[in-house]
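See below for the structure under consideration.
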Amino acid sequence: MLTREQIEQFHEDGYLAVDRLLDYQLDIEPVIEEYQQLLDELCEQWVAEGRLKDAFNDLPFEERLVEVYRAGCDYYQAFDIALPNGNIRADTPIHLGPAVFNLLRSPRLLSAVESLIGGEIYSNPIQHVRIKPPLHLVEKEDEDNALVSATRWHQDNGVALPEADKTKMLTCWVAVSEATPENGCLQVLPKSHREGIALHCTVINQLGIPDSLIEREQARPAPLNPGGVLFFHPMCKHGSLDNNSDAFRWSFDLRYNPIGQATGRPHFPGFIAQSRANPESELDDHRKWAELWYEARARLANVEEIKHNRWNKDDPLCA
Ligand SMILES: O=C(O)CCC(=O)C(=O)O
Ligand SMILES: [Fe+2]
């Protein structure tokens with residue numbers, strides 16, 4: 001559980017960094033191993049499809065990822081733990097493995113979440129893994145891809161539907177690799193969660209708050225060691241820095257809300273991660289979790305447009 005000081009700090013500043021909250025061996029290592037295995041499978045598949053010349057079996061994970069990325073194979077969607085917000089096909093890849101499911105249900109994470117939003121905890125489907133390459137390797141077409149490049153300033157309520165504005169949503173940004181200002185850690189604006197919703201505009205492909213509305217001098221980077229978690233309020237203004245290092249920057253962003261409140265992505269599936277009142281309602285089988293996503297994928301495949309935020313691309317305020 002978090003201390004009273006930590007809880008007060010969260011409410012005061014709109015965010016709270018808790019370094020080494022997770023257990024590296026129990027929470028992080030199994031996830032890393034699961035992604036290594038996934039990369040094995042994907043490389044084999046891409047070689048079979050003729051998209052990759054070699055499976056690069058002998059290379060370490062990161063070097064292999066560089067080769068895959070250079071060859072134009074989209075590892076970031078195949079790694080992600082949610083469907084994209086558009087262009088969903090019946091075979092859009094998504095990763096829903098047991099180690100990731102265990103991370104979503106980590107007792108260390110959930111007890112901190114309970115301190116901030118209470119003991120009836122729903123896993124919100126707005127969630128991602130981001131394994132971001134060094135900026136110098138990023139292709140032009142990914143300059144604005146928030147799974148690959150820096151993330152613009154935004155509020156998480158701003159990237160969800162307004163039905164979630166009253167939801168007590170909590171974002172948990174989990175460092176898998178060390179996160180530093182050099183390799184693109186998150187940055188936050190302290191106390192900005194009290195300022196109301198800001199205008200969000202789409203530039204190229206990414207939604208964000210225009211730079212002119214951000215008091216950049218107030219920004220605070222949030223470095224973390226592996227297993228550290230940055231918690232923040234859905235109205236907290238945040239973004240990420242460029243990855244100017246030579247290594248990948250690996251994080252998960254997970255979200256939770258009290259059971260029964262709107263998630264802001266009603267077309268995607270969440271699940272009950274913890275219920276003190278009704279423990280038998282908790283989902284504890286990763287295959288059932290995966291099934292929910294596969295059903296959503298089948299339902300959403302080839303759907304023309306799925307509304308996932310409140311903004312209008314052509315808003316004159318964004319011109
Ligand atoms: O990791 C990133 O680059 C962005 C994460 C983010 O916006 C979030 O966790 O809400
Ligand atoms: Fe965010």
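By convention in this document, the chains of the structure tokens carry letters A, B, ... by their order, each chain's residues are numbered from 1, and ligands are numbered from 1 in the order they are shown.
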
Please write out the residues within 6 Å of ligand 1 as a tab-separated table (two decimals) with N, CA and C atoms, in the first residue's frame, counting only C-alpha atoms and all ligand atoms.
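What follows is the written file out.tsv:
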```
chain	number	residue	atom	x	y	z
A	150	ALA	N	8.58	9.95	-29.81
A	150	ALA	CA	8.12	10.69	-28.64
A	150	ALA	C	6.60	10.90	-28.69
A	151	THR	N	6.02	11.01	-27.52
A	151	THR	CA	4.57	11.26	-27.40
A	151	THR	C	4.37	12.74	-27.09
A	156	ASP	N	-4.72	12.14	-20.63
A	156	ASP	CA	-5.30	10.86	-21.03
A	156	ASP	C	-6.82	10.98	-21.23
A	173	TRP	N	2.30	4.05	-15.46
A	173	TRP	CA	3.35	3.96	-16.49
A	173	TRP	C	4.51	3.16	-15.88
A	239	GLY	N	3.81	14.05	-21.53
A	239	GLY	CA	4.27	13.64	-22.86
A	239	GLY	C	5.57	12.89	-22.64
A	240	SER	N	6.21	12.47	-23.72
A	240	SER	CA	7.50	11.82	-23.49
A	240	SER	C	8.58	12.53	-24.28
A	253	ASP	N	2.06	1.27	-20.53
A	253	ASP	CA	1.13	2.15	-19.84
A	253	ASP	C	-0.19	1.41	-19.67
```

Kindly work out which residues sit at most 12 Å from ligand 2, using only C-alpha atoms and all ligand atoms, and give the list as a ChimeraX atom specification. /A:126-128,130,146-147,150-160,169-173,186-188,206-209,230-240,252-255

When distances are computed from only C-alpha atoms, which of A:Gly119, A:Ala82, A:Glu182, A:Ala198 shows the smallest separation from Pro279 in chain A? A:Gly119

Find, counting only C-alpha atoms, the residue in A:Leu116, A:Ala48, A:Cys185, A:Leu241 that gets nearest to Gly228 in chain A.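 The shortest atom-to-atom distance to Gly228 in chain A comes from A:Cys185.
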
If we count only C-alpha atoms and set the cut-off at 12 Å, which residues sit around range 282-286 of chain A, ignoring sequence neighbours fewer than 5 positions away in its own chain? Please answer as a PyMOL selection string. chain A and resi 95-106+119-123+259+270-277+291-293

Which residues come within 7 Å of His308 in chain A, counting only C-alpha atoms, excluding same-chain residues fewer than 6 positions away, as a ChimeraX atom specification? /A:85,160-161,265

Could you write out that same residue set with all heavy atoms as a short mmCIF file (atom, residue, chain, number, x, y, z; two decimals), in the first residue's frame?
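Below is the file again31.cif, written as the result:
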```cif
data_model
loop_
_atom_site.label_atom_id
_atom_site.label_comp_id
_atom_site.auth_asym_id
_atom_site.auth_seq_id
_atom_site.Cartn_x
_atom_site.Cartn_y
_atom_site.Cartn_z
N ASN A 85 -6.44 2.18 -32.98
CA ASN A 85 -7.69 2.94 -32.95
C ASN A 85 -8.39 3.01 -34.30
O ASN A 85 -9.49 3.53 -34.39
CB ASN A 85 -7.42 4.36 -32.44
CG ASN A 85 -7.18 4.35 -30.95
OD1 ASN A 85 -7.79 3.56 -30.22
ND2 ASN A 85 -6.28 5.19 -30.48
N ALA A 160 -9.38 9.90 -24.73
CA ALA A 160 -10.48 8.95 -24.50
C ALA A 160 -11.79 9.66 -24.85
O ALA A 160 -11.81 10.87 -25.05
CB ALA A 160 -10.50 8.50 -23.05
N LEU A 161 -12.87 8.93 -24.90
CA LEU A 161 -14.18 9.56 -25.14
C LEU A 161 -14.63 10.32 -23.89
O LEU A 161 -14.29 9.91 -22.76
CB LEU A 161 -15.21 8.49 -25.51
CG LEU A 161 -15.05 7.89 -26.92
CD1 LEU A 161 -15.96 6.68 -27.09
CD2 LEU A 161 -15.34 8.93 -28.00
N ARG A 265 -13.27 3.83 -23.86
CA ARG A 265 -13.13 3.04 -25.11
C ARG A 265 -14.11 1.87 -25.02
O ARG A 265 -13.70 0.72 -24.83
CB ARG A 265 -11.72 2.44 -25.26
CG ARG A 265 -10.60 3.40 -25.47
CD ARG A 265 -10.11 3.56 -26.90
NE ARG A 265 -9.43 4.84 -26.95
CZ ARG A 265 -8.11 5.00 -26.90
NH1 ARG A 265 -7.32 3.97 -26.90
NH2 ARG A 265 -7.60 6.20 -26.90
#
```

Distance of CA of Arg108 in chain A from CA of Pro258 in chain A, expressed in Å to one decimal place: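 CA of Arg108 in chain A lies at a distance of 17.5 Å from CA of Pro258 in chain A.
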
Which parts of range 14-252 of chain A does DSSP call helix (DSSP H, G or I) when run on the backbone here, written out as a count of residues only? 80

Mind listing the strand (DSSP E or B) residues of range 116-203 of chain A, per DSSP on the backbone, as an MDAnalysis selection string? chainID A and resid 120:132 154 170:175 179 186:188 201:203

Can you tell me, as a VMD selection string, what residues are no more than 9 Å from Tyr69 in chain A when counting only C-alpha atoms, ignoring any on the same chain fewer than 6 positions away? chain A and resid 75 133 137 to 139

Expected file: the selected residues, all heavy atoms, as a compact mmCIF listing (two decimals), in the first residue's frame:
```
# COMPACT_ATOMS: atom_id res chain seq x y z
N TYR A 75 6.85 -4.40 -35.80
CA TYR A 75 6.88 -5.15 -34.53
C TYR A 75 6.00 -4.49 -33.49
O TYR A 75 5.50 -5.14 -32.58
CB TYR A 75 8.33 -5.26 -34.00
CG TYR A 75 8.86 -3.97 -33.41
CD1 TYR A 75 8.63 -3.65 -32.08
CD2 TYR A 75 9.54 -3.05 -34.19
CE1 TYR A 75 9.05 -2.44 -31.55
CE2 TYR A 75 9.96 -1.84 -33.67
CZ TYR A 75 9.72 -1.55 -32.34
OH TYR A 75 10.12 -0.36 -31.83
N PRO A 133 12.72 2.62 -30.34
CA PRO A 133 14.11 2.60 -30.77
C PRO A 133 14.78 3.96 -30.59
O PRO A 133 14.10 4.98 -30.44
CB PRO A 133 14.02 2.25 -32.27
CG PRO A 133 12.63 2.56 -32.67
CD PRO A 133 11.77 2.57 -31.45
N LEU A 137 17.35 5.93 -35.44
CA LEU A 137 16.93 4.80 -36.28
C LEU A 137 15.49 4.93 -36.78
O LEU A 137 15.04 4.14 -37.61
CB LEU A 137 17.04 3.49 -35.49
CG LEU A 137 18.43 3.04 -35.05
CD1 LEU A 137 18.32 1.76 -34.23
CD2 LEU A 137 19.32 2.81 -36.27
N VAL A 138 14.77 5.92 -36.24
CA VAL A 138 13.33 6.01 -36.55
C VAL A 138 13.11 6.46 -37.99
O VAL A 138 13.70 7.43 -38.45
CB VAL A 138 12.62 6.95 -35.54
CG1 VAL A 138 11.19 7.22 -35.97
CG2 VAL A 138 12.66 6.35 -34.14
N GLU A 139 12.26 5.73 -38.70
CA GLU A 139 11.92 6.06 -40.08
C GLU A 139 11.00 7.28 -40.11
O GLU A 139 10.19 7.47 -39.19
CB GLU A 139 11.16 4.89 -40.74
CG GLU A 139 11.88 3.57 -40.72
CD GLU A 139 13.02 3.49 -41.73
OE1 GLU A 139 13.10 4.39 -42.61
OE2 GLU A 139 13.82 2.55 -41.62
```

Show which residues sit within 10 Å of Arg70 in chain A, as a count of residues only. Count only C-alpha atoms, and ignore same-chain residues fewer than 3 positions away. 10

What's the 8 Å shell around Thr167 in chain A, counting only C-alpha atoms, without same-chain residues fewer than 6 positions away, as a list in words?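 Counting only C-alpha atoms, the residues come to Asn257, Pro258, Gln261, Ala262 and Thr263 of chain A.
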
Restricted to N, CA, C and O atoms, what would the selected residues look like written as a compact mmCIF listing (two decimals), in the first residue's frame?
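The resulting selection_16.txt:
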```txt
# COMPACT_ATOMS: atom_id res chain seq x y z
N ASN A 257 -9.73 1.67 -13.49
CA ASN A 257 -10.78 2.55 -12.97
C ASN A 257 -11.68 1.74 -12.06
O ASN A 257 -11.71 0.51 -12.15
N PRO A 258 -12.45 2.42 -11.19
CA PRO A 258 -13.37 1.67 -10.34
C PRO A 258 -14.37 0.88 -11.20
O PRO A 258 -14.83 1.39 -12.23
N GLN A 261 -17.47 2.08 -13.87
CA GLN A 261 -17.37 3.40 -14.49
C GLN A 261 -16.94 3.26 -15.96
O GLN A 261 -16.32 2.28 -16.35
N ALA A 262 -17.30 4.28 -16.76
CA ALA A 262 -17.01 4.23 -18.20
C ALA A 262 -15.51 4.24 -18.46
O ALA A 262 -14.76 4.98 -17.82
N THR A 263 -15.05 3.41 -19.40
CA THR A 263 -13.60 3.31 -19.67
C THR A 263 -13.10 4.36 -20.66
O THR A 263 -11.90 4.62 -20.74
```

Counting only C-alpha atoms, which of A:Asn145, A:Asn124, A:Gln9, A:Thr202 gets nearest to Arg310 in chain A?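 Among the listed residues, A:Thr202 lies closest to Arg310 in chain A.
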
Restricting the calculation to only C-alpha atoms, which member of A:Glu5, A:Asp165, A:Ala55, A:Val176 is positioned closest to Asp27 in chain A?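 For Asp27 in chain A, the nearest of the candidates is A:Val176.
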
Could you tell me which of A:Leu189, A:Leu21, A:Ile94, A:Leu109 comes closest to Gln218 in chain A if we count only C-alpha atoms?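 The answer is A:Leu189, which sits nearest to Gln218 in chain A.
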
Work out how far CA of Phe79 in chain A is from CA of Ile32 in chain A, in Å to one decimal.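 The value is 11.5 Å.
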
Quick one: of A:Glu62, A:Glu141, A:Glu163, A:Glu215, who's nearest to Gly264 in chain A, counting only C-alpha atoms?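 Checking each of A:Glu62, A:Glu141, A:Glu163, A:Glu215 against Gly264 in chain A, counting only C-alpha atoms, the winner is A:Glu163.
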